[in-house]
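Asks: my_file24.csv is reproduced below (CSV, C-alpha atoms and all ligand atoms).
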chain,number,residue,atom,x,y,z
A,1,MET,CA,-26.5,-13.6,6.9
A,2,PHE,CA,-23.5,-13.5,9.2
A,3,CYS,CA,-21.1,-10.7,10.2
A,4,LEU,CA,-17.8,-10.9,11.8
A,5,LYS,CA,-16.7,-7.7,13.5
A,6,SER,CA,-14.0,-5.7,15.1
A,7,HIS,CA,-16.0,-2.5,14.6
A,8,LEU,CA,-19.6,-2.8,13.4
A,9,PRO,CA,-20.6,0.5,11.8
A,10,ASN,CA,-24.3,1.3,11.8
A,11,HIS,CA,-24.4,2.0,8.2
A,12,VAL,CA,-23.5,-1.6,7.5
A,13,ILE,CA,-26.2,-3.1,9.8
A,14,ALA,CA,-29.0,-0.6,9.0
A,15,PRO,CA,-29.4,-1.6,5.3
A,16,LEU,CA,-29.6,-5.3,6.3
A,17,GLU,CA,-32.3,-4.5,8.8
A,18,GLU,CA,-34.2,-2.4,6.3
A,19,LEU,CA,-34.2,-5.3,3.9
A,20,GLY,CA,-35.5,-7.6,6.6
A,21,MET,CA,-32.4,-9.8,6.4
A,22,THR,CA,-31.4,-11.7,9.5
A,23,TYR,CA,-27.9,-11.9,10.6
A,24,GLU,CA,-25.7,-13.1,13.4
A,25,VAL,CA,-22.7,-11.1,14.8
A,26,TYR,CA,-19.6,-13.1,15.6
A,27,THR,CA,-17.2,-11.2,17.8
A,28,GLU,CA,-14.7,-13.8,18.9
A,29,VAL,CA,-11.9,-12.2,16.9
A,30,VAL,CA,-8.4,-11.7,18.3
A,31,PRO,CA,-5.3,-10.1,16.8
A,32,GLU,CA,-2.9,-12.6,15.2
A,33,PRO,CA,-5.6,-15.3,15.5
A,34,PRO,CA,-4.4,-18.7,16.7
A,35,LEU,CA,-5.4,-21.8,14.7
A,36,ALA,CA,-8.0,-22.7,17.4
A,37,VAL,CA,-9.9,-19.5,16.8
A,38,GLY,CA,-10.1,-20.4,13.1
A,39,GLU,CA,-11.3,-23.9,13.9
A,40,LYS,CA,-14.0,-22.6,16.2
A,41,LEU,CA,-15.3,-20.0,13.7
A,42,VAL,CA,-15.4,-22.5,10.8
A,43,ALA,CA,-17.4,-25.0,13.0
A,44,PHE,CA,-19.8,-22.2,14.0
A,45,THR,CA,-20.3,-21.2,10.4
A,46,ARG,CA,-20.9,-24.8,9.3
A,47,ASP,CA,-23.4,-25.4,12.2
A,48,ASN,CA,-25.5,-22.3,11.5
A,49,HIS,CA,-25.9,-22.7,7.7
A,50,PHE,CA,-25.4,-19.1,6.8
A,51,ASP,CA,-25.9,-17.8,3.2
A,52,ALA,CA,-23.0,-15.3,3.2
A,53,VAL,CA,-20.2,-13.8,5.2
A,54,ILE,CA,-19.5,-10.0,5.8
A,55,GLY,CA,-16.1,-9.4,7.3
A,56,ILE,CA,-15.5,-6.0,9.0
A,57,GLY,CA,-12.3,-5.1,10.8
A,58,GLY,CA,-8.6,-5.3,10.6
A,59,GLY,CA,-6.6,-8.1,8.9
A,60,SER,CA,-7.4,-10.7,11.5
A,61,ALA,CA,-11.1,-10.3,11.1
A,62,LEU,CA,-10.9,-10.3,7.3
A,63,ASP,CA,-8.6,-13.3,7.2
A,64,LEU,CA,-11.0,-15.2,9.5
A,65,SER,CA,-14.0,-14.2,7.4
A,66,LYS,CA,-12.4,-15.7,4.3
A,67,LEU,CA,-11.5,-18.9,6.1
A,68,ALA,CA,-15.1,-19.2,7.4
A,69,GLY,CA,-16.7,-18.6,4.0
A,70,VAL,CA,-14.5,-21.3,2.2
A,71,LEU,CA,-13.7,-23.9,4.8
A,72,SER,CA,-17.3,-24.1,6.2
A,73,GLN,CA,-18.1,-25.5,2.8
A,74,HIS,CA,-15.3,-28.1,2.9
A,75,GLU,CA,-14.8,-31.2,5.0
A,76,GLY,CA,-12.2,-31.6,7.8
A,77,LEU,CA,-10.3,-29.2,10.1
A,78,VAL,CA,-8.7,-25.9,9.2
A,79,ALA,CA,-5.4,-27.5,10.2
A,80,ASP,CA,-5.8,-29.9,7.3
A,81,TYR,CA,-5.6,-27.0,4.8
A,82,LEU,CA,-2.5,-25.3,6.2
A,83,ASN,CA,0.2,-24.6,3.6
A,84,LEU,CA,3.2,-26.1,5.4
A,85,THR,CA,1.7,-29.0,7.2
A,86,GLY,CA,-1.8,-29.7,5.8
A,87,SER,CA,-2.8,-32.7,3.8
A,88,ARG,CA,-6.0,-31.4,2.1
A,89,GLN,CA,-6.5,-28.9,-0.7
A,90,VAL,CA,-9.2,-26.3,-1.1
A,91,THR,CA,-11.2,-27.3,-4.1
A,92,HIS,CA,-14.0,-24.9,-4.6
A,93,LYS,CA,-15.4,-21.5,-3.6
A,94,GLY,CA,-17.4,-21.1,-0.4
A,95,LEU,CA,-20.1,-18.7,0.7
A,96,PRO,CA,-20.4,-15.3,-0.9
A,97,THR,CA,-18.0,-13.0,1.0
A,98,ILE,CA,-17.9,-9.2,1.4
A,99,LEU,CA,-14.9,-7.7,3.1
A,100,ILE,CA,-14.8,-4.2,4.6
A,101,PRO,CA,-11.4,-3.2,6.1
A,102,THR,CA,-11.3,-0.8,9.0
A,103,THR,CA,-7.4,-0.4,8.9
A,104,SER,CA,-5.1,0.6,6.1
A,105,GLY,CA,-2.7,-2.3,6.3
A,106,THR,CA,-3.1,-5.9,5.5
A,107,GLY,CA,-4.7,-5.7,2.1
A,108,SER,CA,-6.5,-8.9,3.1
A,109,GLU,CA,-9.6,-7.6,1.3
A,110,VAL,CA,-7.9,-8.3,-2.1
A,111,THR,CA,-5.8,-11.3,-1.4
A,112,ASN,CA,-6.3,-15.1,-1.4
A,113,ILE,CA,-4.7,-15.8,1.9
A,114,SER,CA,-5.6,-16.3,5.6
A,115,VAL,CA,-2.8,-16.2,8.2
A,116,LEU,CA,-3.0,-18.2,11.4
A,117,ALA,CA,-0.7,-18.3,14.4
A,118,LEU,CA,0.7,-21.7,15.4
A,119,GLU,CA,2.6,-22.4,18.6
A,120,THR,CA,5.8,-20.7,17.7
A,121,THR,CA,5.3,-19.4,14.1
A,122,LYS,CA,2.5,-18.7,11.6
A,123,ASP,CA,1.1,-20.6,8.6
A,124,VAL,CA,-1.5,-19.8,6.0
A,125,VAL,CA,-4.4,-21.2,4.1
A,126,ALA,CA,-3.9,-19.9,0.5
A,127,HIS,CA,-6.2,-20.5,-2.5
A,128,ASP,CA,-7.9,-18.3,-5.0
A,129,ALA,CA,-11.3,-19.5,-3.6
A,130,LEU,CA,-10.5,-17.3,-0.6
A,131,ILE,CA,-10.7,-14.1,-2.8
A,132,ALA,CA,-13.6,-12.0,-1.6
A,133,ASP,CA,-16.6,-11.5,-4.0
A,134,VAL,CA,-16.7,-7.8,-3.0
A,135,ALA,CA,-14.2,-5.5,-1.2
A,136,ILE,CA,-15.4,-2.1,0.1
A,137,VAL,CA,-12.6,0.2,1.0
A,138,ASP,CA,-13.8,3.3,2.8
A,139,PRO,CA,-11.2,5.6,4.5
A,140,GLU,CA,-14.0,7.0,6.8
A,141,LEU,CA,-13.8,3.7,8.7
A,142,THR,CA,-10.1,4.3,9.6
A,143,MET,CA,-10.5,7.9,10.9
A,144,SER,CA,-10.7,6.8,14.6
A,145,LEU,CA,-7.8,4.3,14.5
A,146,PRO,CA,-5.3,5.1,17.3
A,147,PRO,CA,-1.8,6.2,16.3
A,148,LYS,CA,-0.2,2.9,17.3
A,149,VAL,CA,-2.5,0.8,15.1
A,150,THR,CA,-2.2,3.3,12.3
A,151,ALA,CA,1.6,3.1,12.4
A,152,ALA,CA,1.7,-0.7,12.6
A,153,THR,CA,-0.8,-1.4,9.9
A,154,GLY,CA,0.6,1.3,7.7
A,155,ALA,CA,4.1,-0.1,8.0
A,156,ASP,CA,2.7,-3.5,7.1
A,157,ALA,CA,1.2,-2.0,3.9
A,158,LEU,CA,4.5,-0.3,3.0
A,159,THR,CA,6.3,-3.6,3.5
A,160,HIS,CA,3.8,-5.4,1.2
A,161,ALA,CA,4.6,-2.8,-1.5
A,162,ILE,CA,8.4,-2.9,-1.0
A,163,GLU,CA,8.6,-6.7,-0.9
A,164,ALA,CA,6.4,-7.0,-3.9
A,165,TYR,CA,8.6,-4.6,-5.9
A,166,VAL,CA,11.8,-6.5,-5.1
A,167,SER,CA,10.2,-9.9,-5.3
A,168,LYS,CA,11.6,-12.5,-7.8
A,169,PHE,CA,8.0,-12.8,-9.0
A,170,ALA,CA,7.5,-9.1,-9.7
A,171,SER,CA,5.9,-8.2,-13.1
A,172,PRO,CA,5.3,-4.9,-14.8
A,173,VAL,CA,1.7,-4.9,-13.4
A,174,SER,CA,2.8,-5.6,-9.8
A,175,ASP,CA,5.6,-3.1,-10.2
A,176,ALA,CA,3.1,-0.3,-11.2
A,177,LEU,CA,0.8,-1.2,-8.2
A,178,ALA,CA,3.7,-1.4,-5.8
A,179,LEU,CA,5.4,1.9,-6.8
A,180,GLN,CA,2.2,3.8,-6.6
A,181,ALA,CA,1.4,2.2,-3.2
A,182,ILE,CA,4.9,3.3,-2.0
A,183,ARG,CA,4.3,6.9,-3.2
A,184,LEU,CA,1.0,7.1,-1.4
A,185,ILE,CA,2.0,5.5,1.8
A,186,SER,CA,5.3,7.3,2.2
A,187,ALA,CA,3.6,10.6,1.6
A,188,SER,CA,0.9,10.1,4.1
A,189,ILE,CA,1.8,7.7,6.9
A,190,ARG,CA,3.5,10.2,9.2
A,191,THR,CA,0.4,12.5,9.0
A,192,ALA,CA,-2.0,9.7,9.4
A,193,VAL,CA,-0.2,8.6,12.6
A,194,HIS,CA,0.3,12.0,14.1
A,195,GLN,CA,-2.9,13.7,12.9
A,196,GLY,CA,-5.4,10.9,12.7
A,197,ASP,CA,-8.3,13.1,11.7
A,198,ASN,CA,-6.5,14.2,8.5
A,199,LYS,CA,-8.9,12.9,5.8
A,200,GLU,CA,-6.5,13.3,2.9
A,201,ALA,CA,-3.8,11.3,4.7
A,202,ARG,CA,-6.3,8.6,5.7
A,203,THR,CA,-7.6,8.4,2.1
A,204,LYS,CA,-4.1,8.0,0.7
A,205,MET,CA,-3.4,5.3,3.2
A,206,SER,CA,-6.5,3.4,2.4
A,207,TYR,CA,-5.9,3.6,-1.3
A,208,GLY,CA,-2.2,2.8,-0.8
A,209,SER,CA,-2.8,-0.2,1.3
A,210,TYR,CA,-5.3,-1.5,-1.2
A,211,LEU,CA,-2.8,-1.1,-4.1
A,212,ALA,CA,-0.1,-2.7,-1.9
A,213,GLY,CA,-2.5,-5.7,-1.3
A,214,LEU,CA,-3.0,-6.1,-5.0
A,215,ALA,CA,0.8,-5.8,-5.6
A,216,PHE,CA,1.7,-8.6,-3.1
A,217,PHE,CA,-1.2,-10.7,-4.1
A,218,ASN,CA,0.5,-10.8,-7.6
A,219,ALA,CA,4.2,-10.8,-6.6
A,220,GLY,CA,4.2,-12.1,-3.0
A,221,VAL,CA,6.1,-10.9,0.0
A,222,ALA,CA,9.5,-12.2,1.0
A,223,GLY,CA,12.2,-12.0,3.7
A,224,VAL,CA,10.7,-9.3,5.9
A,225,HIS,CA,7.5,-11.3,6.3
A,226,GLY,CA,9.4,-14.6,6.6
A,227,LEU,CA,11.4,-13.3,9.5
A,228,ALA,CA,8.4,-11.4,11.0
A,229,TYR,CA,6.2,-14.5,11.4
A,230,PRO,CA,8.3,-16.1,14.2
A,231,LEU,CA,8.3,-12.8,16.1
A,232,GLY,CA,4.5,-12.9,16.1
A,233,GLY,CA,4.5,-16.7,16.9
A,234,GLN,CA,7.1,-16.7,19.7
A,235,PHE,CA,6.7,-13.2,21.2
A,236,HIS,CA,3.2,-12.1,20.0
A,237,LEU,CA,4.4,-9.0,18.4
A,238,ALA,CA,1.7,-7.4,16.2
A,239,HIS,CA,2.2,-8.3,12.5
A,240,GLY,CA,2.8,-4.7,11.5
A,241,GLU,CA,5.3,-4.0,14.2
A,242,SER,CA,7.2,-7.2,13.4
A,243,ASN,CA,7.5,-6.1,9.8
A,244,ALA,CA,8.4,-2.5,10.7
A,245,VAL,CA,11.2,-3.4,13.1
A,246,LEU,CA,12.7,-5.8,10.5
A,247,LEU,CA,12.2,-3.8,7.3
A,248,PRO,CA,15.4,-1.7,7.3
A,249,TYR,CA,17.6,-4.6,8.4
A,250,VAL,CA,16.2,-7.1,5.8
A,251,MET,CA,16.3,-4.5,3.0
A,252,GLY,CA,19.8,-3.4,4.1
A,253,TYR,CA,21.1,-7.0,4.1
A,254,ILE,CA,19.7,-7.8,0.6
A,255,ARG,CA,20.3,-4.3,-0.8
A,256,SER,CA,23.1,-5.3,-3.2
A,257,SER,CA,20.9,-8.0,-4.8
A,258,CYS,CA,18.3,-5.4,-5.8
A,259,GLU,CA,20.2,-2.2,-6.0
A,260,GLU,CA,18.4,-0.7,-9.0
A,261,ARG,CA,15.0,-1.4,-7.5
A,262,MET,CA,16.0,0.1,-4.2
A,263,LYS,CA,16.9,3.3,-6.0
A,264,ASP,CA,13.4,3.2,-7.6
A,265,ILE,CA,11.9,2.8,-4.1
A,266,TYR,CA,13.9,5.8,-2.8
A,267,GLU,CA,12.5,7.9,-5.6
A,268,ALA,CA,8.9,6.7,-5.0
A,269,MET,CA,9.4,7.7,-1.3
A,270,GLY,CA,9.8,11.3,-2.6
A,271,PHE,CA,13.6,11.6,-2.7
A,272,SER,CA,15.8,12.6,-5.6
A,273,PRO,CA,18.7,10.3,-6.4
A,274,SER,CA,20.1,13.0,-8.6
A,275,GLY,CA,23.9,13.1,-8.3
A,276,MET,CA,24.0,9.8,-6.5
A,277,SER,CA,25.3,6.5,-7.8
A,278,GLN,CA,22.8,3.6,-7.8
A,279,THR,CA,24.6,2.1,-4.8
A,280,GLU,CA,24.4,5.4,-2.9
A,281,ALA,CA,20.7,5.8,-3.7
A,282,SER,CA,19.9,2.3,-2.5
A,283,GLN,CA,21.9,2.8,0.7
A,284,ALA,CA,20.0,6.1,1.2
A,285,CYS,CA,16.8,4.2,0.7
A,286,VAL,CA,17.6,1.9,3.6
A,287,ARG,CA,18.4,4.9,5.9
A,288,GLU,CA,15.1,6.5,5.0
A,289,LEU,CA,13.2,3.3,5.7
A,290,LYS,CA,14.8,3.3,9.2
A,291,ARG,CA,13.9,7.0,9.7
A,292,LEU,CA,10.3,6.4,8.6
A,293,VAL,CA,9.9,3.6,11.2
A,294,GLU,CA,11.3,5.8,13.9
A,295,ASP,CA,9.1,8.8,12.8
A,296,ILE,CA,6.0,6.7,13.4
A,297,ASN,CA,7.1,5.8,16.8
A,298,ILE,CA,7.7,2.1,16.3
A,299,PRO,CA,10.7,0.8,18.2
A,300,SER,CA,13.6,0.2,15.7
A,301,THR,CA,15.4,-2.7,17.5
A,302,LEU,CA,14.4,-6.1,18.8
A,303,GLN,CA,16.0,-5.1,22.1
A,304,GLU,CA,13.4,-2.4,22.5
A,305,PHE,CA,10.6,-5.0,22.1
A,306,SER,CA,12.3,-7.0,24.9
A,307,ILE,CA,13.2,-9.9,22.7
A,308,PRO,CA,16.1,-11.7,24.4
A,309,LYS,CA,19.3,-12.1,22.5
A,310,GLU,CA,19.2,-15.8,23.2
A,311,ALA,CA,16.0,-16.1,21.1
A,312,ILE,CA,17.8,-15.3,17.9
A,313,GLN,CA,18.6,-18.9,17.2
A,314,SER,CA,15.0,-20.2,17.7
A,315,LEU,CA,13.7,-17.3,15.6
A,316,THR,CA,16.1,-18.3,12.9
A,317,ASP,CA,15.1,-22.0,13.1
A,318,ASP,CA,11.5,-21.1,12.7
A,319,ALA,CA,12.1,-18.5,9.9
A,320,ILE,CA,14.0,-20.9,7.7
A,321,LEU,CA,10.8,-23.1,7.6
A,322,GLN,CA,9.0,-20.3,5.7
A,323,THR,CA,10.2,-21.7,2.4
A,324,ARG,CA,7.2,-20.5,0.3
A,325,ILE,CA,7.8,-16.9,1.3
A,326,LEU,CA,11.6,-16.9,1.4
A,327,ALA,CA,11.7,-18.3,-2.2
A,328,ARG,CA,10.6,-14.8,-3.4
A,329,SER,CA,13.6,-13.0,-1.9
A,330,PRO,CA,16.0,-11.6,-4.5
A,331,LEU,CA,18.8,-12.8,-2.3
A,332,LYS,CA,18.7,-16.4,-1.3
A,333,LEU,CA,18.5,-16.4,2.5
A,334,GLU,CA,20.2,-19.3,4.3
A,335,LEU,CA,20.3,-20.0,8.1
A,336,GLU,CA,23.4,-17.9,8.6
A,337,ASP,CA,21.9,-14.9,6.7
A,338,ILE,CA,18.7,-15.0,8.7
A,339,PHE,CA,20.7,-15.2,12.0
A,340,THR,CA,22.8,-12.2,10.9
A,341,ILE,CA,19.7,-10.2,10.1
A,342,TYR,CA,18.0,-10.9,13.4
A,343,ALA,CA,21.3,-10.0,15.2
A,344,ALA,CA,21.4,-6.7,13.3
A,345,ALA,CA,17.8,-5.9,14.2
A,346,TYR,CA,18.6,-6.7,17.8
A,347,GLU,CA,21.6,-4.4,17.9
A,348,GLY,CA,20.0,-1.7,15.7
A,349,LYS,CA,22.8,-1.7,13.1
A,350,VAL,CA,22.1,-2.4,9.5
A,351,VAL,CA,24.5,-5.1,8.1
A,352,GLU,CA,24.9,-5.9,4.5
A,353,LYS,CA,25.5,-9.4,3.0
A,354,GLY,CA,29.2,-10.1,3.1
A,355,GLU,CA,29.9,-7.4,5.7
A,356,LYS,CA,31.3,-8.6,9.0
A,401,FE,FE,1.7,-8.3,6.0
Taking this structure as input, can you express it in the form of C-alpha cells?
Ligand SMILES: [Fe+2]
Replies:
Amino acid sequence: MFCLKSHLPNHVIAPLEELGMTYEVYTEVVPEPPLAVGEKLVAFTRDNHFDAVIGIGGGSALDLSKLAGVLSQHEGLVADYLNLTGSRQVTHKGLPTILIPTTSGTGSEVTNISVLALETTKDVVAHDALIADVAIVDPELTMSLPPKVTAATGADALTHAIEAYVSKFASPVSDALALQAIRLISASIRTAVHQGDNKEARTKMSYGSYLAGLAFFNAGVAGVHGLAYPLGGQFHLAHGESNAVLLPYVMGYIRSSCEERMKDIYEAMGFSPSGMSQTEASQACVRELKRLVEDINIPSTLQEFSIPKEAIQSLTDDAILQTRILARSPLKLELEDIFTIYAAAYEGKVVEKGEK
C-alpha cells in the first residue's frame, strides 16, 4: 500500500493500520510538478512493487498519483507518454487508485489527465486508464485551506465549468454538469475565501468542483487553460491564479462567438438578464467574472503578477502550441488573437475580437 500526501488525515491512515496493511508515505510532491518529479515518483513506485495507490492532496498530488499508478505498470519514461512530444501510448490500466482531494479545484479525482510542468510550458499524460477507481470527496478536508489557496483552486474549478460550457465539444450532459457547477461555485466562493470555516460554503465548493471536473472531463477546457499553461511554465504562477487572471480577458475576447451561452452563465451566476439583450447579458457576464476574481483577492492583471510586458510574445509562442486545448475554443484563436488577449490581461482592459 502506498500513499502520496499533501495532508495526511489520521482517519485515512488509522483504518489501514487497523487492518494490518503496510504502507509507504511519499511526500515529495510540489505544486505544478515538473516532469522530473513525475519521473522520480514513477521509478519509486515501480521499484517498490506496491499493490495500490492512495492520492491525498491538491491537484498536483492527485495528478502524480494517477501517473504513478499507471506508468509504473508501463515501460519507459514519463516523457515518452506526454501528449505533445511523447512517442508511446498508454495501453492498459495500472494499480488500483483511490483519490481524496483536499482542495475544491482541479477535479483531478474524476478526470483522465495528469499535468506536468516542462521548461517553459506544460504538457499532459491523458488516457482513460488514468481514471481513478474510487474518488472520495469530503468537504471536511478543505476546511483549513488558507484563503489564497481557496481562491486560486476555486477559480480553477469555475474556469473548468465555464470552459466546458462554451466548449465546441459540449453536450447536453456536460452542459447540465457545468451549469450546476457554476451555480454552486458562484454562490459560495466568496464566502469560502473570506469565511473559511463556513461549512455550507465549503460543501458547495467541494460539490461544485467535483461537477466541474466531470463537465470538463467530458467537454474539455479551452482558451483560458491554453493561455494559462505558459504563465505557469515561464513564471511559475499557480494554476488557479493563471486561470483566474486570464478568465475575464479570454471570455471577453471570445464573447461574440458564444453570446447565448455567456448569457446562460450570467444567469447561473445568480443574475437576471431580464430586460437585457443577449449581447448585453453576455457583456455583463464578463464584467461579473472580472468582479468575482477581484472579490476573492486575486490580482486582475498580469502587471500585478510582475509579468514583464516583453514576455507577451514568448507566452504567445508557447500558448499556440497547446493545439489540443485550443481546438475546443468556440472562437479559433490564432497567434494575433492570443497576443491581443495577453496584452489585454497585462493592461487590465477587456478587448473583444475585432476591437482595436
Ligand atoms: Fe484547471
Asks: Using Å and a single decimal, report how far CA of Glu109 (chain A) sits from CA of Thr191 (chain A).
Replies: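 Going from CA of Thr191 (chain A) over to CA of Glu109 (chain A) covers 23.7 Å.
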Asks: Taking 6 positions as the minimum chain separation for residues in the same chain, which residues sit within 9 Å of region 100-106 of chain A when counting all atoms listed in the file? Answer as a ChimeraX atom specification.
Replies: /A:6-7,54-62,134-143,145,149-150,152-158,160,202,205-210,212-213,240
Asks: When you look at Ile312 (chain A) with a cut-off of 7 Å (counting all atoms listed in the file), what residues show up, excluding the ones that are within fewer than 3 positions of it in the same chain? I need them as a ChimeraX atom specification.
Replies: /A:309,315-316,339,342-343
Asks: Select, counting only C-alpha atoms, all protein, DNA and RNA residues no farther than 12 Å from (-10.8, -13.5, 2.7) in file coordinates, and express the selection as a VMD selection string.
Replies: chain A and resid 4 53 to 71 93 to 101 106 to 115 124 to 135
Asks: So which residues touch Glu294 (chain A) within 12 Å, counting only C-alpha atoms, skipping near sequence neighbours fewer than 2 positions away, as a list in words?
Replies: Ala151, Ala152, Ala155, Ile189, Arg190, Val193, Glu241, Ala244, Val245, Leu247, Pro248, Arg287, Glu288, Leu289, Lys290, Arg291, Leu292, Ile296, Asn297, Ile298, Pro299, Ser300, Thr301 and Gly348 of chain A
Asks: Mind writing the picked residues with C-alpha atoms as a PDB file, keeping the file's coordinate frame?
Replies:
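Ended up saving to again.pdb:
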ATOM      1  CA  ALA A 151       1.600   3.100  12.400  1.00  0.00           C
ATOM      2  CA  ALA A 152       1.700  -0.700  12.600  1.00  0.00           C
ATOM      3  CA  ALA A 155       4.100  -0.100   8.000  1.00  0.00           C
ATOM      4  CA  ILE A 189       1.800   7.700   6.900  1.00  0.00           C
ATOM      5  CA  ARG A 190       3.500  10.200   9.200  1.00  0.00           C
ATOM      6  CA  VAL A 193      -0.200   8.600  12.600  1.00  0.00           C
ATOM      7  CA  GLU A 241       5.300  -4.000  14.200  1.00  0.00           C
ATOM      8  CA  ALA A 244       8.400  -2.500  10.700  1.00  0.00           C
ATOM      9  CA  VAL A 245      11.200  -3.400  13.100  1.00  0.00           C
ATOM     10  CA  LEU A 247      12.200  -3.800   7.300  1.00  0.00           C
ATOM     11  CA  PRO A 248      15.400  -1.700   7.300  1.00  0.00           C
ATOM     12  CA  ARG A 287      18.400   4.900   5.900  1.00  0.00           C
ATOM     13  CA  GLU A 288      15.100   6.500   5.000  1.00  0.00           C
ATOM     14  CA  LEU A 289      13.200   3.300   5.700  1.00  0.00           C
ATOM     15  CA  LYS A 290      14.800   3.300   9.200  1.00  0.00           C
ATOM     16  CA  ARG A 291      13.900   7.000   9.700  1.00  0.00           C
ATOM     17  CA  LEU A 292      10.300   6.400   8.600  1.00  0.00           C
ATOM     18  CA  ILE A 296       6.000   6.700  13.400  1.00  0.00           C
ATOM     19  CA  ASN A 297       7.100   5.800  16.800  1.00  0.00           C
ATOM     20  CA  ILE A 298       7.700   2.100  16.300  1.00  0.00           C
ATOM     21  CA  PRO A 299      10.700   0.800  18.200  1.00  0.00           C
ATOM     22  CA  SER A 300      13.600   0.200  15.700  1.00  0.00           C
ATOM     23  CA  THR A 301      15.400  -2.700  17.500  1.00  0.00           C
ATOM     24  CA  GLY A 348      20.000  -1.700  15.700  1.00  0.00           C
TER      25      GLY A 348
END
Asks: Check the smallest atom-to-atom distance from each of A:Ala36, A:Ile162, A:Leu227, A:Ala238 to Ala319 (chain A) using only C-alpha atoms, then report the winner.
Replies: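 Among the listed residues, the smallest separation from Ala319 (chain A) belongs to A:Leu227.
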Asks: When you count only C-alpha atoms and all ligand atoms, which of these residues is closest to ligand FE 401 (chain A): A:Asn10, A:Gln180, A:Asn243, A:Ser188?
Replies: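 That would be A:Asn243, the residue with the smallest distance to ligand FE 401 (chain A).
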Asks: Would you kindly place N, CA, C and O atoms on region 116-130 of chain A and return the model as a tab-separated table (two decimals), in the frame of the given file?
Replies:
chain	number	residue	atom	x	y	z
A	116	LEU	N	-2.69	-17.70	10.09
A	116	LEU	CA	-3.00	-18.20	11.40
A	116	LEU	C	-1.78	-18.37	12.25
A	116	LEU	O	-0.73	-18.75	11.71
A	117	ALA	N	-1.89	-18.10	13.55
A	117	ALA	CA	-0.70	-18.30	14.40
A	117	ALA	C	-0.71	-19.70	14.95
A	117	ALA	O	-1.72	-20.23	15.42
A	118	LEU	N	0.46	-20.33	14.85
A	118	LEU	CA	0.70	-21.70	15.40
A	118	LEU	C	1.47	-21.46	16.72
A	118	LEU	O	1.68	-20.32	17.16
A	119	GLU	N	1.94	-22.56	17.30
A	119	GLU	CA	2.60	-22.40	18.60
A	119	GLU	C	3.74	-21.44	18.62
A	119	GLU	O	3.81	-20.56	19.46
A	120	THR	N	4.67	-21.58	17.66
A	120	THR	CA	5.80	-20.70	17.70
A	120	THR	C	6.00	-19.90	16.37
A	120	THR	O	6.95	-19.14	16.23
A	121	THR	N	5.13	-20.11	15.40
A	121	THR	CA	5.30	-19.40	14.10
A	121	THR	C	3.88	-19.19	13.53
A	121	THR	O	2.87	-19.29	14.22
A	122	LYS	N	3.83	-18.92	12.23
A	122	LYS	CA	2.50	-18.70	11.60
A	122	LYS	C	2.50	-19.60	10.31
A	122	LYS	O	3.53	-19.95	9.75
A	123	ASP	N	1.28	-19.91	9.89
A	123	ASP	CA	1.10	-20.60	8.60
A	123	ASP	C	-0.13	-20.01	7.96
A	123	ASP	O	-0.85	-19.21	8.57
A	124	VAL	N	-0.36	-20.38	6.71
A	124	VAL	CA	-1.50	-19.80	6.00
A	124	VAL	C	-2.32	-20.84	5.31
A	124	VAL	O	-1.87	-21.96	5.06
A	125	VAL	N	-3.57	-20.47	5.04
A	125	VAL	CA	-4.40	-21.20	4.10
A	125	VAL	C	-4.42	-20.25	2.86
A	125	VAL	O	-4.81	-19.08	3.00
A	126	ALA	N	-4.00	-20.74	1.71
A	126	ALA	CA	-3.90	-19.90	0.50
A	126	ALA	C	-4.55	-20.58	-0.67
A	126	ALA	O	-4.16	-21.71	-1.00
A	127	HIS	N	-5.53	-19.96	-1.27
A	127	HIS	CA	-6.20	-20.50	-2.50
A	127	HIS	C	-7.03	-19.40	-3.07
A	127	HIS	O	-7.60	-18.58	-2.33
A	128	ASP	N	-7.15	-19.39	-4.39
A	128	ASP	CA	-7.90	-18.30	-5.00
A	128	ASP	C	-9.41	-18.34	-4.62
A	128	ASP	O	-10.11	-17.34	-4.77
A	129	ALA	N	-9.88	-19.48	-4.10
A	129	ALA	CA	-11.30	-19.50	-3.60
A	129	ALA	C	-11.47	-18.57	-2.44
A	129	ALA	O	-12.61	-18.20	-2.12
A	130	LEU	N	-10.36	-18.16	-1.79
A	130	LEU	CA	-10.50	-17.30	-0.60
A	130	LEU	C	-10.64	-15.78	-1.05
A	130	LEU	O	-10.83	-14.91	-0.20
